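Engineer: Sharing query.txt below, compact mmCIF, C-alpha atoms:
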# COMPACT_ATOMS: atom_id res chain seq x y z
CA MET E 1 -68.16 -280.98 -98.14
CA GLN E 2 -64.84 -279.30 -97.34
CA GLU E 3 -64.14 -279.13 -93.63
CA SER E 4 -64.44 -275.70 -92.08
CA PRO E 5 -61.17 -273.92 -91.23
CA LYS E 6 -62.42 -273.73 -87.66
CA THR E 7 -60.31 -276.76 -86.76
CA SER E 8 -57.10 -274.92 -87.64
CA THR E 9 -57.22 -273.56 -84.11
CA GLY E 10 -56.38 -275.91 -81.25
CA LYS E 11 -54.77 -275.90 -77.86
CA PHE E 12 -51.36 -274.88 -79.20
CA VAL E 13 -52.03 -273.86 -82.82
CA PHE E 14 -54.05 -270.87 -83.97
CA GLY E 15 -54.87 -269.36 -87.32
CA PRO E 16 -53.54 -268.98 -89.88
CA VAL E 17 -53.81 -265.34 -88.87
CA PRO E 18 -53.18 -262.44 -91.23
CA SER E 19 -49.84 -260.89 -90.36
CA ARG E 20 -48.59 -257.52 -91.49
CA ARG E 21 -45.09 -258.89 -91.90
CA LEU E 22 -45.52 -262.60 -92.59
CA GLY E 23 -48.60 -262.93 -94.79
CA ARG E 24 -50.71 -265.89 -93.62
CA SER E 25 -49.07 -267.10 -90.43
CA LEU E 26 -49.97 -270.36 -88.67
CA GLY E 27 -49.37 -269.46 -85.04
CA LEU E 28 -47.81 -271.76 -82.49
CA ASP E 29 -48.20 -270.95 -78.78
CA ILE E 30 -45.71 -272.82 -76.59
CA VAL E 31 -45.78 -270.77 -73.37
CA PRO E 32 -48.72 -270.26 -70.95
CA ARG E 33 -50.57 -266.98 -71.27
CA LYS E 34 -48.44 -264.05 -70.20
CA VAL E 35 -45.34 -265.84 -68.95
CA CYS E 36 -42.72 -263.37 -70.13
CA THR E 37 -39.43 -261.67 -69.36
CA LEU E 38 -40.96 -258.25 -70.01
CA ASP E 39 -44.16 -256.40 -69.14
CA CYS E 40 -44.26 -254.07 -72.14
CA VAL E 41 -46.69 -251.19 -71.95
CA TYR E 42 -47.81 -251.85 -75.52
CA CYS E 43 -48.36 -255.62 -75.38
CA GLN E 44 -51.55 -256.67 -77.17
CA VAL E 45 -51.93 -259.74 -74.92
CA GLY E 46 -52.14 -257.64 -71.76
CA ARG E 47 -50.15 -257.32 -68.54
CA THR E 48 -47.58 -259.98 -67.69
CA THR E 49 -48.74 -262.22 -64.86
CA ASP E 50 -45.53 -264.27 -64.51
CA LEU E 51 -42.50 -262.02 -64.99
CA THR E 52 -39.51 -264.34 -65.14
CA VAL E 53 -36.32 -265.40 -66.90
CA ARG E 54 -36.61 -269.01 -65.77
CA ARG E 55 -37.10 -271.40 -68.69
CA GLY E 56 -39.58 -274.23 -68.33
CA ASP E 57 -41.04 -277.29 -70.03
CA PHE E 58 -44.51 -275.98 -70.72
CA VAL E 59 -46.07 -278.09 -73.48
CA PRO E 60 -45.97 -281.70 -74.74
CA VAL E 61 -43.87 -281.51 -77.89
CA ALA E 62 -45.51 -284.49 -79.60
CA ALA E 63 -48.97 -283.00 -79.12
CA VAL E 64 -47.80 -279.63 -80.46
CA LEU E 65 -46.34 -281.18 -83.59
CA ALA E 66 -49.43 -283.32 -84.13
CA GLU E 67 -51.63 -280.21 -84.03
CA VAL E 68 -49.37 -278.45 -86.52
CA ALA E 69 -49.44 -281.42 -88.88
CA ALA E 70 -53.24 -281.61 -88.68
CA ALA E 71 -53.63 -277.88 -89.33
CA LEU E 72 -51.26 -278.00 -92.30
CA GLY E 73 -53.17 -280.94 -93.71
CA ARG E 74 -56.35 -278.90 -93.83
CA GLY E 75 -54.74 -276.12 -95.89
CA PRO E 76 -54.38 -273.66 -97.41
CA ARG E 77 -50.61 -273.56 -97.07
CA PRO E 78 -49.48 -270.72 -94.76
CA ASP E 79 -46.52 -268.50 -95.56
CA TYR E 80 -44.92 -269.25 -92.17
CA VAL E 81 -45.33 -271.42 -89.12
CA THR E 82 -44.72 -268.77 -86.49
CA ILE E 83 -43.71 -269.49 -82.91
CA SER E 84 -45.02 -266.58 -80.87
CA GLY E 85 -48.32 -266.64 -79.00
CA SER E 86 -49.24 -265.34 -75.58
CA GLY E 87 -45.86 -265.30 -73.83
CA GLU E 88 -42.12 -265.20 -74.57
CA PRO E 89 -41.43 -268.37 -76.63
CA THR E 90 -37.73 -268.62 -75.77
CA LEU E 91 -38.76 -269.34 -72.18
CA ASN E 92 -39.74 -272.81 -73.40
CA VAL E 93 -36.71 -275.00 -72.76
CA ARG E 94 -37.79 -277.38 -75.57
CA LEU E 95 -37.92 -274.67 -78.24
CA GLY E 96 -35.05 -276.22 -80.20
CA GLU E 97 -36.76 -279.62 -80.16
CA ILE E 98 -39.98 -278.04 -81.44
CA VAL E 99 -38.17 -276.27 -84.29
CA ALA E 100 -36.41 -279.51 -85.25
CA GLY E 101 -39.73 -281.34 -85.17
CA LEU E 102 -41.34 -278.77 -87.45
CA ARG E 103 -38.53 -279.33 -89.95
CA LYS E 104 -39.44 -283.01 -90.12
CA ILE E 105 -43.14 -282.49 -90.85
CA THR E 106 -43.17 -279.47 -93.18
CA ASP E 107 -41.08 -277.34 -95.51
CA VAL E 108 -43.11 -274.24 -94.61
CA PRO E 109 -40.62 -271.66 -93.28
CA VAL E 110 -40.38 -271.36 -89.50
CA ALA E 111 -40.36 -267.95 -87.84
CA ILE E 112 -39.77 -267.07 -84.19
CA ILE E 113 -41.15 -263.80 -82.81
CA THR E 114 -39.24 -262.98 -79.62
CA ASN E 115 -38.44 -260.01 -77.43
CA GLY E 116 -34.80 -261.08 -77.67
CA THR E 117 -34.01 -260.80 -73.97
CA LEU E 118 -32.68 -264.37 -73.66
CA LEU E 119 -30.49 -264.35 -76.78
CA GLY E 120 -27.53 -263.64 -74.54
CA GLU E 121 -27.73 -267.29 -73.47
CA PRO E 122 -25.90 -269.75 -75.79
CA ASP E 123 -28.57 -272.45 -75.39
CA VAL E 124 -31.32 -270.04 -76.46
CA ARG E 125 -29.30 -268.99 -79.49
CA ARG E 126 -28.87 -272.66 -80.42
CA ASP E 127 -32.61 -273.23 -80.06
CA CYS E 128 -33.40 -270.32 -82.39
CA ALA E 129 -30.71 -271.15 -84.92
CA GLY E 130 -32.87 -273.73 -86.71
CA ALA E 131 -35.52 -271.19 -87.73
CA ASP E 132 -35.68 -269.52 -91.13
CA LEU E 133 -36.56 -266.15 -89.66
CA VAL E 134 -36.08 -264.64 -86.21
CA VAL E 135 -37.70 -261.32 -85.30
CA PRO E 136 -36.59 -259.79 -81.97
CA SER E 137 -37.39 -256.31 -80.68
CA LEU E 138 -35.53 -253.15 -79.74
CA ASP E 139 -37.68 -250.31 -78.42
CA ALA E 140 -35.25 -248.03 -76.59
CA GLY E 141 -31.97 -246.23 -77.03
CA ASP E 142 -31.09 -245.91 -73.36
CA GLU E 143 -31.67 -247.75 -70.10
CA ALA E 144 -34.25 -245.35 -68.68
CA THR E 145 -36.44 -245.67 -71.76
CA TYR E 146 -35.99 -249.46 -71.79
CA GLN E 147 -37.23 -249.67 -68.22
CA ARG E 148 -40.15 -247.37 -68.99
CA ILE E 149 -41.45 -249.03 -72.14
CA ASN E 150 -40.44 -252.70 -71.70
CA ARG E 151 -40.56 -253.01 -67.88
CA PRO E 152 -38.18 -256.00 -67.71
CA THR E 153 -37.87 -258.46 -64.88
CA ARG E 154 -35.16 -257.69 -62.34
CA GLY E 155 -31.64 -258.01 -63.72
CA LEU E 156 -32.40 -257.48 -67.42
CA THR E 157 -30.76 -254.43 -68.99
CA LEU E 158 -30.67 -252.78 -72.38
CA ALA E 159 -26.92 -253.41 -72.63
CA ALA E 160 -27.44 -257.15 -72.11
CA LEU E 161 -30.26 -257.17 -74.67
CA VAL E 162 -28.07 -255.54 -77.32
CA ASP E 163 -25.18 -257.88 -76.53
CA GLY E 164 -27.46 -260.87 -77.04
CA LEU E 165 -28.97 -259.52 -80.26
CA THR E 166 -25.49 -258.85 -81.61
CA ALA E 167 -24.18 -262.29 -80.63
CA PHE E 168 -27.08 -264.01 -82.36
CA ARG E 169 -26.56 -261.99 -85.54
CA GLN E 170 -22.97 -263.22 -85.68
CA GLU E 171 -24.08 -266.87 -85.45
CA PHE E 172 -27.40 -266.99 -87.31
CA ALA E 173 -27.51 -267.82 -91.02
CA GLY E 174 -31.22 -267.09 -91.55
CA GLN E 175 -33.19 -263.89 -91.97
CA TYR E 176 -32.96 -261.51 -89.03
CA TRP E 177 -35.51 -258.73 -88.76
CA LEU E 178 -35.65 -256.26 -85.89
CA GLU E 179 -38.93 -254.69 -84.78
CA VAL E 180 -38.96 -251.22 -83.24
CA PHE E 181 -42.25 -250.44 -81.50
CA VAL E 182 -42.77 -246.69 -81.18
CA VAL E 183 -44.92 -245.17 -78.44
CA ALA E 184 -45.93 -241.52 -78.67
CA GLY E 185 -44.12 -239.38 -76.13
CA VAL E 186 -41.84 -242.21 -74.98
CA ASN E 187 -39.39 -243.26 -77.69
CA ASP E 188 -40.40 -241.23 -80.74
CA SER E 189 -38.15 -238.18 -80.28
CA PRO E 190 -35.29 -237.56 -82.75
CA GLN E 191 -32.81 -237.97 -79.89
CA GLN E 192 -34.19 -241.37 -78.88
CA VAL E 193 -34.37 -242.54 -82.49
CA ALA E 194 -30.75 -241.52 -83.05
CA LYS E 195 -29.68 -243.59 -80.05
CA MET E 196 -31.61 -246.59 -81.36
CA ARG E 197 -29.98 -246.22 -84.78
CA THR E 198 -26.55 -246.47 -83.16
CA LEU E 199 -27.56 -249.72 -81.46
CA ILE E 200 -29.18 -251.06 -84.63
CA GLU E 201 -26.01 -250.47 -86.63
CA ARG E 202 -24.18 -252.60 -84.10
CA ILE E 203 -26.81 -255.38 -84.20
CA ASN E 204 -26.85 -255.35 -88.04
CA PRO E 205 -30.27 -256.92 -88.82
CA ASP E 206 -31.43 -257.60 -92.36
CA ARG E 207 -34.49 -255.42 -91.87
CA VAL E 208 -35.83 -252.94 -89.33
CA GLN E 209 -39.61 -252.82 -89.02
CA VAL E 210 -41.19 -249.78 -87.40
CA ASN E 211 -44.48 -250.41 -85.65
CA THR E 212 -46.88 -248.56 -83.36
CA ALA E 213 -50.07 -249.17 -81.37
CA THR E 214 -52.89 -250.14 -83.72
CA ARG E 215 -54.44 -252.76 -81.39
CA PRO E 216 -55.52 -252.64 -77.74
CA THR E 217 -52.49 -252.41 -75.44
CA ALA E 218 -51.60 -253.46 -71.90
CA GLU E 219 -51.75 -249.82 -70.78
CA ALA E 220 -54.67 -247.82 -72.12
CA GLU E 221 -52.69 -244.58 -72.29
CA VAL E 222 -50.20 -245.93 -74.85
CA GLY E 223 -50.41 -243.59 -77.81
CA ALA E 224 -49.99 -244.43 -81.47
CA VAL E 225 -47.49 -242.44 -83.51
CA PRO E 226 -49.00 -240.84 -86.65
CA ALA E 227 -48.11 -242.34 -90.02
CA VAL E 228 -46.16 -239.27 -91.10
CA ARG E 229 -43.91 -239.45 -88.04
CA LEU E 230 -43.50 -243.22 -88.44
CA ALA E 231 -42.20 -242.65 -91.97
CA GLU E 232 -39.77 -240.05 -90.64
CA ILE E 233 -38.56 -242.45 -87.94
CA ALA E 234 -37.98 -245.16 -90.54
CA ARG E 235 -35.83 -242.76 -92.55
CA GLU E 236 -33.94 -241.73 -89.40
CA LEU E 237 -33.24 -245.38 -88.55
CA GLY E 238 -31.52 -245.98 -91.88
CA PRO E 239 -32.00 -247.61 -95.29
CA ARG E 240 -33.04 -251.03 -93.94
CA ALA E 241 -35.98 -249.59 -91.98
CA GLU E 242 -39.60 -249.75 -93.12
CA VAL E 243 -43.00 -249.00 -91.64
CA ILE E 244 -45.13 -252.12 -91.23
CA ALA E 245 -48.31 -251.43 -93.18
CA ASP E 246 -51.74 -252.20 -91.74
CA PHE E 247 -53.13 -255.56 -92.78
CA LYS E 248 -55.73 -255.39 -95.51
CA ALA E 249 -58.25 -258.17 -95.03
CA GLN E 250 -58.30 -260.84 -97.71
CA THR E 251 -61.54 -262.02 -99.25
CA ALA E 252 -63.11 -264.66 -97.06
CA SER E 253 -63.75 -268.06 -98.55
CA GLY E 254 -67.10 -268.39 -96.78
CA ALA E 255 -66.76 -271.36 -94.44
CA THR E 256 -70.09 -272.99 -93.69
CA GLU E 257 -69.54 -272.61 -89.93
CA ILE E 258 -67.09 -271.37 -87.37
CA SER E 259 -66.83 -272.36 -83.74
CA ASP E 260 -66.81 -270.19 -80.64
CA GLU E 261 -63.60 -271.97 -79.64
CA ALA E 262 -61.81 -270.98 -82.84
CA VAL E 263 -62.69 -267.32 -82.38
CA LEU E 264 -61.78 -267.32 -78.68
CA ALA E 265 -58.44 -269.02 -79.28
CA LEU E 266 -57.55 -266.54 -82.00
CA VAL E 267 -58.42 -263.33 -80.16
CA ALA E 268 -56.78 -264.59 -76.96
CA ARG E 269 -53.42 -264.39 -78.71
CA HIS E 270 -54.20 -261.85 -81.40
CA PRO E 271 -56.82 -259.15 -80.67
CA ALA E 272 -58.41 -258.37 -84.01
CA PRO E 273 -61.34 -256.66 -85.72
CA ALA E 274 -64.11 -258.74 -87.23
CA GLU E 275 -62.70 -258.40 -90.76
CA GLU E 276 -59.36 -259.94 -89.75
CA ILE E 277 -61.07 -262.74 -87.84
CA ALA E 278 -63.15 -263.55 -90.92
CA ALA E 279 -60.06 -263.62 -93.14
CA ALA E 280 -58.11 -265.76 -90.69
CA LEU E 281 -60.89 -268.34 -90.30
CA GLY E 282 -62.05 -268.28 -93.91
CA ALA E 283 -65.54 -267.21 -92.83
CA LYS E 284 -68.01 -264.65 -94.06
CA LEU E 285 -68.09 -261.41 -92.14
CA GLU E 286 -71.73 -261.81 -91.14
CA GLN E 287 -70.95 -265.25 -89.65
CA VAL E 288 -68.15 -263.77 -87.57
CA ALA E 289 -70.33 -260.84 -86.50
CA ARG E 290 -73.00 -263.22 -85.18
CA THR E 291 -70.41 -265.26 -83.25
CA LEU E 292 -68.81 -262.14 -81.78
CA ALA E 293 -72.19 -260.82 -80.69
CA ALA E 294 -72.99 -264.09 -78.91
CA LEU E 295 -69.58 -264.24 -77.20
CA ASP E 296 -69.93 -260.63 -76.13
CA ALA E 297 -73.39 -261.26 -74.69
CA ALA E 298 -71.99 -264.25 -72.78
CA GLY E 299 -69.24 -262.09 -71.28
CA GLN E 300 -66.44 -264.08 -72.90
CA ILE E 301 -64.95 -261.27 -74.98
CA LYS E 302 -64.69 -257.51 -74.85
CA SER E 303 -64.19 -254.86 -77.50
CA SER E 304 -62.30 -251.59 -77.70
CA ARG E 305 -61.67 -248.95 -80.33
CA ARG E 306 -58.23 -248.27 -81.77
CA GLY E 307 -57.43 -246.34 -84.93
CA GLY E 308 -61.06 -246.21 -86.03
CA LYS E 309 -61.51 -249.99 -85.76
CA THR E 310 -63.21 -252.18 -83.16
CA TYR E 311 -60.90 -254.88 -81.77
CA TYR E 312 -62.08 -257.99 -79.94
CA GLU E 313 -60.14 -259.78 -77.20
CA VAL E 314 -60.81 -262.22 -74.39
CA MET E 315 -62.03 -261.00 -71.02
As a first step, turn the structure in this file into structure tokens.
Structural biologist:
Amino acid sequence: MQESPKTSTGKFVFGPVPSRRLGRSLGLDIVPRKVCTLDCVYCQVGRTTDLTVRRGDFVPVAAVLAEVAAALGRGPRPDYVTISGSGEPTLNVRLGEIVAGLRKITDVPVAIITNGTLLGEPDVRRDCAGADLVVPSLDAGDEATYQRINRPTRGLTLAALVDGLTAFRQEFAGQYWLEVFVVAGVNDSPQQVAKMRTLIERINPDRVQVNTATRPTAEAEVGAVPAVRLAEIARELGPRAEVIADFKAQTASGATEISDEAVLALVARHPAPAEEIAAALGAKLEQVARTLAALDAAGQIKSSRRGGKTYYEVM
């Protein structure tokens, strides 16, 4: 009997999860939950509990790579191994070593999802340079909006962020996509978008991906921008900009069982509706529904509505 995909999720590895931009993404979490340089109002993981710019040695690299190798061996092949997770990955001082290790065990492309705040540091740029794809963020066109939406740790500024993003572009040979997360009433005005376009033209990414709140956010009042306005914003940001489409769940393969641990590990990093959880774990929807109901009854998860869907996340 084929082993259930439940074991694809471990202490450091989760998924593969369905990603709107990366297809099937095998996630790699290398920073403790909510250690970050920012406390973004829209973060799907929740409020930052350790707001810092100090890099640390958070995970055993050999154990991380062993988990990745085991997950890849169980298949199916993901489209990317994605370093992201529940904190800011560039805070891990061994990021470059992890990327190099991934290169030795797989030819699956490596992506890094980052807020970009540490790309002003040469050592961080070197660590990220080995990836195939780097996706940082830019959510503001001026300092006041940056402070309001991203809530950075003391000393971080929009000007420094843009300098770092620009410096990395000049050095990086891989794909460089920039995400712009739009919050209704905060950074969705034509004036704010025009300011962001000026900064984006300086940064010169390969793509600009426009996103908004479709999952539960750190602050409940964060409002999603309607699809029509998102399309307008993409046009205002220039020809490289696109709206990231909602994920459409793939057909589940029907695993014979899934574990509570697999579901908990996934939604801890990636709040998701039942359909996405089923697709990520290769399980039937009714199996996932039973597991979610049991976890909810045990007080281990909670649910909330967003965009007409019910999302599950850890308590």
Engineer: Pick out the residues sitting within 9 Å of stretch 103-116 of chain E, and hand them over as a ChimeraX atom specification; count all atoms listed in the file, and ignore anything fewer than 3 positions along from it in its own chain.
Structural biologist: /E:22,37-38,65,68-69,72,77-85,88-90,98-100,119-120,128,130-138,161-162,164-165
Engineer: With C-alpha atoms kept, could you save the residues just selected as a PDB file, in the coordinates of the input?
Structural biologist:
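Dumped to again03.pdb:
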ATOM      1  CA  LEU E  22     -45.520-262.600 -92.590  1.00  0.00           C
ATOM      2  CA  THR E  37     -39.430-261.670 -69.360  1.00  0.00           C
ATOM      3  CA  LEU E  38     -40.960-258.250 -70.010  1.00  0.00           C
ATOM      4  CA  LEU E  65     -46.340-281.180 -83.590  1.00  0.00           C
ATOM      5  CA  VAL E  68     -49.370-278.450 -86.520  1.00  0.00           C
ATOM      6  CA  ALA E  69     -49.440-281.420 -88.880  1.00  0.00           C
ATOM      7  CA  LEU E  72     -51.260-278.000 -92.300  1.00  0.00           C
ATOM      8  CA  ARG E  77     -50.610-273.560 -97.070  1.00  0.00           C
ATOM      9  CA  PRO E  78     -49.480-270.720 -94.760  1.00  0.00           C
ATOM     10  CA  ASP E  79     -46.520-268.500 -95.560  1.00  0.00           C
ATOM     11  CA  TYR E  80     -44.920-269.250 -92.170  1.00  0.00           C
ATOM     12  CA  VAL E  81     -45.330-271.420 -89.120  1.00  0.00           C
ATOM     13  CA  THR E  82     -44.720-268.770 -86.490  1.00  0.00           C
ATOM     14  CA  ILE E  83     -43.710-269.490 -82.910  1.00  0.00           C
ATOM     15  CA  SER E  84     -45.020-266.580 -80.870  1.00  0.00           C
ATOM     16  CA  GLY E  85     -48.320-266.640 -79.000  1.00  0.00           C
ATOM     17  CA  GLU E  88     -42.120-265.200 -74.570  1.00  0.00           C
ATOM     18  CA  PRO E  89     -41.430-268.370 -76.630  1.00  0.00           C
ATOM     19  CA  THR E  90     -37.730-268.620 -75.770  1.00  0.00           C
ATOM     20  CA  ILE E  98     -39.980-278.040 -81.440  1.00  0.00           C
ATOM     21  CA  VAL E  99     -38.170-276.270 -84.290  1.00  0.00           C
ATOM     22  CA  ALA E 100     -36.410-279.510 -85.250  1.00  0.00           C
ATOM     23  CA  LEU E 119     -30.490-264.350 -76.780  1.00  0.00           C
ATOM     24  CA  GLY E 120     -27.530-263.640 -74.540  1.00  0.00           C
ATOM     25  CA  CYS E 128     -33.400-270.320 -82.390  1.00  0.00           C
ATOM     26  CA  GLY E 130     -32.870-273.730 -86.710  1.00  0.00           C
ATOM     27  CA  ALA E 131     -35.520-271.190 -87.730  1.00  0.00           C
ATOM     28  CA  ASP E 132     -35.680-269.520 -91.130  1.00  0.00           C
ATOM     29  CA  LEU E 133     -36.560-266.150 -89.660  1.00  0.00           C
ATOM     30  CA  VAL E 134     -36.080-264.640 -86.210  1.00  0.00           C
ATOM     31  CA  VAL E 135     -37.700-261.320 -85.300  1.00  0.00           C
ATOM     32  CA  PRO E 136     -36.590-259.790 -81.970  1.00  0.00           C
ATOM     33  CA  SER E 137     -37.390-256.310 -80.680  1.00  0.00           C
ATOM     34  CA  LEU E 138     -35.530-253.150 -79.740  1.00  0.00           C
ATOM     35  CA  LEU E 161     -30.260-257.170 -74.670  1.00  0.00           C
ATOM     36  CA  VAL E 162     -28.070-255.540 -77.320  1.00  0.00           C
ATOM     37  CA  GLY E 164     -27.460-260.870 -77.040  1.00  0.00           C
ATOM     38  CA  LEU E 165     -28.970-259.520 -80.260  1.00  0.00           C
TER      39      LEU E 165
END
Engineer: Which value, in Å to one decimal, gives the distance between atom CA of E:Glu236 and atom CA of E:Val193?
Structural biologist: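 Between these atoms lies a distance of 7.0 Å.
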Engineer: Give the answer as one residue: which of E:Arg125, E:Arg207, E:Lys34, E:Arg215 has the shortest atom-to-atom distance to E:Val243, using all atoms listed in the file?
Structural biologist: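 Closest to E:Val243, using all atoms listed in the file: E:Arg207.
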Engineer: Residues of stretch 173-227 of chain E that approach stretch 47-52 of chain E to 12 Å or less, counting all atoms listed in the file: could you list each one with the shortest pair of atoms and its distance in Å to one decimal, rows by chain and increasing residue number, as CSV?
Structural biologist:
residue,atom,partner,partner_atom,distance
E:Pro216,CA,E:Arg47,CA,11.6
E:Thr217,CA,E:Arg47,CA,8.8
E:Ala218,CA,E:Arg47,CA,5.3
E:Glu219,CA,E:Arg47,CA,8.0
E:Ala220,CA,E:Arg47,CA,11.1
Engineer: What does the file look like for those residues with C-alpha atoms, as a PDB file, in the coordinates of the input?
Structural biologist:
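New file selection_26.pdb:
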ATOM      1  CA  PRO E 216     -55.520-252.640 -77.740  1.00  0.00           C
ATOM      2  CA  THR E 217     -52.490-252.410 -75.440  1.00  0.00           C
ATOM      3  CA  ALA E 218     -51.600-253.460 -71.900  1.00  0.00           C
ATOM      4  CA  GLU E 219     -51.750-249.820 -70.780  1.00  0.00           C
ATOM      5  CA  ALA E 220     -54.670-247.820 -72.120  1.00  0.00           C
TER       6      ALA E 220
END
Engineer: Could you check which of E:Arg235, E:Arg197, E:Arg21, E:Lys302 is closest to E:Ala140, using only C-alpha atoms?
Structural biologist: E:Arg197
Engineer: What's around E:Asp163 at 12 Å? Count all atoms listed in the file, leave out sequence neighbours fewer than 6 positions away in its own chain, and write the answer as a PyMOL selection string.
Structural biologist: chain E and resi 116-122+138+156-157+169-170+199-200+202-204
